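One structure is given here, and the rest of the page talks about it.
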Amino acid sequence: MKKKLLSAMLCTVMVAGMLSGCGSSAGTETAAETTAAEGTTAEGTTASADGLSFAVCGGSEDAMVLDTARAGTLEGLSACRHLYEGLYKLDQEGNTVLGQAASVDISEDGLTYTFTLRDDITWSDGQPVVAGDFVYGWQYLKESAGDYCDLLSMISTSEATDDKTLVVTLAYPCSYLPSVLAFPSAYPVRQDIVEANGDAYATDPDKAVYNGAYAATEWTHQESVVMTARDDYYDAANITAKEITWQLMTETSTMLASFQSGDIIYSDSYPEEGVLTGLQFASGYNTYCALFNVGENGPEVLKDANVRKALSLAIDRNRLVSIRNLDDEVANTYAPGGLTDESGKEFNSTVTPWYSTDEADYEANCEEAKALLAEAGYADGEGFPALSYIVNNDGRREIAEAVISDWKEVLGIDTVTVEIVDSFFAQRQEQDYDIAYFGWYMDYPDVSNMMYTFVSGASDSGYANEEYDAAYNAATATADTAEQWTNYAKCEELLAAEAPVAPLFHSQNSYLFNSDSYDGLVYYCGNFYFGYVTEK
Amino acid sequence: MQLVIDTKGKDWNIKMELFQKIVKRIILAVFSLFVIVTITFFLMNLIPGDPFMSEKANAEAQAILRAKYGLDQPVIVQYGRYLSNLFQGDMGNSYVLQKGRAIREIVTESFAVSMQLGIRALCTAIFVGIPFGCIAGLWKDKKPDGVIRVISAIGISVPGYVVAAILMLILGVQLKLFPISYNKPGGSIMPIITLALYPTCYLIRLTRASILEVLNQDYLRTERAKGMSEFVVIFIHALKNSLIPIITYLGPLTASVLTGGFVAESVFNVPGLGRYFVSAISSRDYTLIMGTTIFYAALIITMNLVCDILYQIVDPRIKMD
Amino acid sequence: MDKNILSMQIKVDPSDFEPLAADYFQNEKEDTEEIGFWKASWRRLKDNKIAMFALGVIFVILLFAVIGPMISPYSYDEQLRGDESMAPCFAHPFGTDRLGRDLLVRCMIGTRISLTVGIVSAIIVLIIGSVYGAVSGLIGGKTDTIMMRLVDIVYSVPEILLIVVIKLVIDEPLTEMVTNVAWMKPLQKIGPGLLAIFIVYGCLYWVGMARIVRGQVLQLKEMEYVTAATALGAGKAKLIKDHLIPNCIGQLIATVMLQIPSAIFTEAFLSFLGIGVSAPMASLGSLTSDALDSITSYPYRIVFPAVIISLIILAFNLFGDGLRDALDPKMKK
């Protein structure tokens, strides 16, 4: 019952776009007469006449939300990328390229984008995709109040001047706009279909229309979704996978067993433990942390910065990484690595590490931690009150257990217990906890997205610091990267000094893929696309 | 089975009395259902969290959704609205698990799957359990009895999810005998085994005990003394009479097989109602929680009612009360 | 045949006789009623080889759970650095888990917890069920009808659903109480998760017990000797003490015995759902469900806890059956 909730990355974008004919057919009989390039032979798989067909794990039923405005999980968003397409999409290499738009005209000040749509784009019911569908889609996104309803906050107006022209004005220049527009939440939506189906929109294949490379043709709830390639999709020639079956599973052990038995060729989740063949890694912009509740409802003991620092220093981060055995990187800053400027310089290289994560220095860290704890009045853990450390799944529970074992051995604190709680996110948001798992998967690779999480009022830790807010605001107000970074480095410094959070490690994105027999998976920042998969 | 009745009038009286009792029971059943609905509704609202909690959702958006579905109103108001909708046959739409789909559709669709699986498991249990139980009972303390008893003893003592995991590992991954997912050909075999194992073994034990008891009864001795062949004694008299306690067990068994598929369904990916049972709670899908509760409670109540009525007809000595 | 037998002379000397002790009859009464019953039951039980074997298994498991952790060189939550994910070997006969904890000692503690869950839950069910059933049966009339309707309602509740809902509802307030309320602090060691399981189980499974006890009470009420006792002015308390309890005890003990495996199953199911005991405490259920995740990589990890859990359930079932037959020979089923 583990699910990687909402760890979607905005930086991701998918689906290639080009020209091709319009056409109708709701996609039920889509044995595409494609001139598909590479090896589209279908051996050992039940394929349509000349295309590849395979099954993948699409997470659980609740992740499989095929309404772009309401999808919030990686699996759901990735599935949406197959069915729908935005102004931008991802190509075979995972780069953001124009999708439904044929061209874009950007004004001098970077505030006005004028998109011209392709002529050969259609919905699966045969109607052409028009600029108004985007305008409606963005309005629908806001009204639906889904997880990503704020995604397009930089857009001040959008207007369809005619069926093929869309004029978008921004509130502030935004260099990452293409990534944002390639994100499923920014895809077009057909007003008439939404209004005809109401709440039930996109809950069954016949209750939605699709403008992407695939159309959903079958949906046995709690079991599987079948997507068939549309032959009236403009780039159908390059889509090699003709039929994708998304098996909906809840148990990670079932996912792994199905993968090992060859039933599925891809799974985004799997039991975290054990040596797995087929496990692949991709860089993730993530920091896995232990969050301390320093807010009003938090325990008195955690209001002392010395206690928090002691707890953080006593953690043997290298051991956590070796226990997980998932190619993680030990964290000594809050921001993850890989956040670079134009010259390729890393943000982390401008930040003073919070502490040393060298294995040789661990002893020294422990000594410092003991001293800090003694200073706070809990020498050797004497009199340390009972705290609970809440997490939301088994894998995270084990890491938490390893952490509390360090506290017990190094600091003599044996009053912390680990609890898997069912209402985890609600409890964390309401600051109804002592210590909690916190793992921020960045929505786009910009330092602001990381630092925003500790702005007063925005943090689940209840952290509030005017100095921090000032630095953050100064950074976001400027367009100069160097100046931004100086301010963000200041934010890091404040976090290091007050330690409302203990960063543990930066985790990788990982997934199971049968790379022995298949090739061509597009995987970018947690999103996956199977359209270009070929058999080896 | 047979009532000896001298007059038609008496017969009619008894029927009338039975009819009245049945009506009374049905009224009580409806009342029970109402109480269960009420308790579940309020308990459900006591669980911390709501359907719209998630990692990245912002508070504003959550408030909008809560308002849209009326979850910002006092629980008692929500309860009143739910009841009035329910009386009009509207169970609402799912909030989370299948956003926007009608509960009625979800429940009927997935129960059809659960029932199919359940009935097959039930048949397996009956057609394997009873014959093997008979064999064990009739050959008491002989070799087959020993083997059957050991196997059935193991069968009732292994938790369901361990059975499912072992089946999946050995038959699915190692030997690749059966597919793991339900929607592949042959995919229903492992979930059926998982679901049927416990009831089968329980039935074996029950049948065996029941046969042994009947075999000791005086009337069988009388039959034998009368010169009946051993065959007639066993197959006509012993089996028939030892079936009564087994039939009494079938009611609860059916209910538990139909409602207890959670493990088999989630491990083997079966799109049945059992999976919603638990996942609806953990995602706080209020309407779905209510929908499954009402459906299952109604199922169990009906099953109990039918059983009671059947007993009454089969054995009028049993007081229906 | 000796016709003279009646005419045989027996010499009787008064010194052959002694006066009876004052409480002789009282003792005799107890001998035949009380000790006789237990002795006879014990004899019947001793003859039942399977039940005796099951009793032996229970005893061994108890030793394993109670003494085991005391003589083990490790503690259940001790993470041995460098010994992570070891296969069974001499130092760790059951292997170690991902965090380097010895699985043998965790199984011992898990057995202890699972047995505690089983026994405490069964006792809770016994208390609630028998009080409820006895009250309902003794008072009778309208009260009885209403009380039994309630039992019917609880009976028709889908139990899995209610177990999970109640568990989630009481988890938080319990955690708070355990950390804040002074007299509950000692309970912190066993954890709010475990307490919640007791409550859940107690809330749902008392109905079976209540029905049995009520049935017995009603049956007894009809008995002539009870009518006689009532006529002679025996109060309700005396009735319960002298007649009800001795008559029910056999069936009650057997039912309690059979309740234990059912409670252990329930706990295992909750662990499977991830809402069992709080970490780092282990139960057999949480150990098996943890092992489930890594079953393809470390299949042996599921074997030990699964075998122990099955042994416990089997042993209690068989012993319970034997006990029922021994204590209540007329109710043989």
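We label chains A, B, ... in the order they appear in the structure tokens, count residues from 1 in each chain, and number ligands from 1 in the order shown.
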Distance cut-off 8 Å, counting only C-alpha atoms - which residues of chain B neighbour chain A? Return them as a PyMOL selection string. chain B and resi 48-50+53-58+61-62+64-65+93+96-102+168-169+172-174+176+179-183+266-272+282
Store the residues picked out above in a file with C-alpha atoms, as a PDB file, in the first residue's frame.
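Dumped to result.pdb:
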```
ATOM      1  CA  PRO B  48      -8.620  12.355  11.720  1.00  0.00           C
ATOM      2  CA  GLY B  49      -8.171  13.751   8.228  1.00  0.00           C
ATOM      3  CA  ASP B  50     -10.564  14.152   5.323  1.00  0.00           C
ATOM      4  CA  MET B  53      -5.634  15.603   2.379  1.00  0.00           C
ATOM      5  CA  SER B  54      -2.540  15.161   0.278  1.00  0.00           C
ATOM      6  CA  GLU B  55       1.085  16.113   0.296  1.00  0.00           C
ATOM      7  CA  LYS B  56       1.050  19.072  -2.018  1.00  0.00           C
ATOM      8  CA  ALA B  57      -2.511  20.337  -1.909  1.00  0.00           C
ATOM      9  CA  ASN B  58      -2.785  23.798  -0.480  1.00  0.00           C
ATOM     10  CA  ALA B  61      -7.932  24.375  -2.552  1.00  0.00           C
ATOM     11  CA  GLN B  62      -8.843  21.894   0.145  1.00  0.00           C
ATOM     12  CA  ILE B  64     -12.924  24.837  -1.775  1.00  0.00           C
ATOM     13  CA  LEU B  65     -13.360  21.094  -2.176  1.00  0.00           C
ATOM     14  CA  ASN B  93     -20.157   9.929  -5.872  1.00  0.00           C
ATOM     15  CA  VAL B  96     -11.105   9.889  -3.846  1.00  0.00           C
ATOM     16  CA  LEU B  97     -10.679   6.347  -5.040  1.00  0.00           C
ATOM     17  CA  GLN B  98     -12.591   6.754  -8.248  1.00  0.00           C
ATOM     18  CA  LYS B  99     -13.133  10.464  -8.242  1.00  0.00           C
ATOM     19  CA  GLY B 100     -16.583  11.291  -9.493  1.00  0.00           C
ATOM     20  CA  ARG B 101     -17.928   7.818 -10.180  1.00  0.00           C
ATOM     21  CA  ALA B 102     -21.293   6.947  -8.729  1.00  0.00           C
ATOM     22  CA  MET B 168       2.407 -15.974  -5.391  1.00  0.00           C
ATOM     23  CA  LEU B 169       6.071 -16.705  -4.783  1.00  0.00           C
ATOM     24  CA  GLY B 172       3.524 -17.378  -9.728  1.00  0.00           C
ATOM     25  CA  VAL B 173       7.163 -16.320  -9.693  1.00  0.00           C
ATOM     26  CA  GLN B 174       9.182 -19.524  -9.352  1.00  0.00           C
ATOM     27  CA  LYS B 176       5.249 -19.540 -13.413  1.00  0.00           C
ATOM     28  CA  PRO B 179      -0.372 -15.508 -13.791  1.00  0.00           C
ATOM     29  CA  ILE B 180      -0.363 -13.189 -10.795  1.00  0.00           C
ATOM     30  CA  SER B 181      -2.937 -10.775 -12.123  1.00  0.00           C
ATOM     31  CA  TYR B 182      -6.568 -11.720 -12.103  1.00  0.00           C
ATOM     32  CA  ASN B 183      -7.286 -10.475 -15.611  1.00  0.00           C
ATOM     33  CA  SER B 266      -5.419  -6.968  -3.057  1.00  0.00           C
ATOM     34  CA  VAL B 267      -2.574  -9.446  -3.494  1.00  0.00           C
ATOM     35  CA  PHE B 268      -3.852 -10.852  -6.781  1.00  0.00           C
ATOM     36  CA  ASN B 269      -5.204  -7.626  -8.129  1.00  0.00           C
ATOM     37  CA  VAL B 270      -8.838  -8.659  -8.284  1.00  0.00           C
ATOM     38  CA  PRO B 271     -11.193  -5.718  -8.930  1.00  0.00           C
ATOM     39  CA  GLY B 272     -13.573  -6.775  -6.184  1.00  0.00           C
ATOM     40  CA  SER B 282      -7.517   4.850   4.418  1.00  0.00           C
TER      41      SER B 282
END
```
With 7 Å as the limit and counting only C-alpha atoms, what residues in chain C lie close to chain B? Please list them as a PyMOL selection string. chain C and resi 153+156-158+161+165+168-169+265+292+296+310+313-314+333
Keeping only C-alpha atoms, write the selected residues to a file as a compact mmCIF listing (two decimals), in the first residue's frame.
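Dumped everything to out10.txt:
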```txt
# COMPACT_ATOMS: atom_id res chain seq x y z
CA ILE C 153 -26.85 -5.39 15.37
CA SER C 156 -24.40 -7.88 11.41
CA VAL C 157 -21.76 -5.17 11.26
CA PRO C 158 -19.12 -5.82 8.59
CA LEU C 161 -14.61 -2.29 8.26
CA VAL C 165 -12.47 2.43 11.59
CA LEU C 168 -8.14 4.72 13.43
CA VAL C 169 -10.58 6.64 15.58
CA PHE C 265 -5.39 -13.53 13.52
CA LEU C 292 6.18 -10.12 2.84
CA THR C 296 11.36 -12.54 -3.33
CA SER C 310 0.53 -21.17 12.77
CA ILE C 313 -3.11 -20.97 16.41
CA LEU C 314 -3.10 -24.70 15.81
CA LYS C 333 -19.84 -31.79 19.05
```
Computed gap from atom CA of A:Val351 to atom CA of A:Glu498 is 15.7 Å
Please identify the helix (DSSP H, G or I) residues within stretch 158-301 of chain B (assignment by DSSP from backbone atoms) and present them as JSON, numbers by chain. {"B": [160, 161, 162, 163, 164, 165, 166, 167, 168, 169, 170, 171, 172, 173, 174, 189, 190, 191, 192, 193, 194, 195, 196, 197, 198, 199, 200, 201, 202, 203, 204, 205, 206, 207, 208, 209, 210, 211, 212, 213, 214, 215, 218, 219, 220, 221, 222, 223, 224, 225, 230, 231, 232, 233, 234, 235, 236, 237, 238, 239, 240, 241, 242, 243, 244, 245, 246, 247, 248, 249, 250, 251, 252, 253, 254, 255, 256, 257, 258, 259, 262, 263, 264, 265, 266, 267, 273, 274, 275, 276, 277, 278, 279, 280, 281, 282, 286, 287, 288, 289, 290, 291, 292, 293, 294, 295, 296, 297, 298, 299, 300, 301]}
Which residues of chain C come within 6 Å of chain A, and for each one, what is the closest pair of atoms and their distance in Å to one decimal, counting only C-alpha atoms, sorted by chain and residue number, as JSON lines?
```
{"residue": "C:Ser278", "atom": "CA", "partner": "A:Glu419", "partner_atom": "CA", "distance": 5.5}
{"residue": "C:Ala279", "atom": "CA", "partner": "A:Val418", "partner_atom": "CA", "distance": 5.3}
{"residue": "C:Asp293", "atom": "CA", "partner": "A:Pro271", "partner_atom": "CA", "distance": 5.3}
{"residue": "C:Ser294", "atom": "CA", "partner": "A:Glu273", "partner_atom": "CA", "distance": 5.6}
{"residue": "C:Ser297", "atom": "CA", "partner": "A:Gly274", "partner_atom": "CA", "distance": 5.2}
```
Find, counting only C-alpha atoms, the residue in A:Val403, A:Val167, A:Leu373, A:Cys366 that gets nearest to A:Val307. A:Leu373
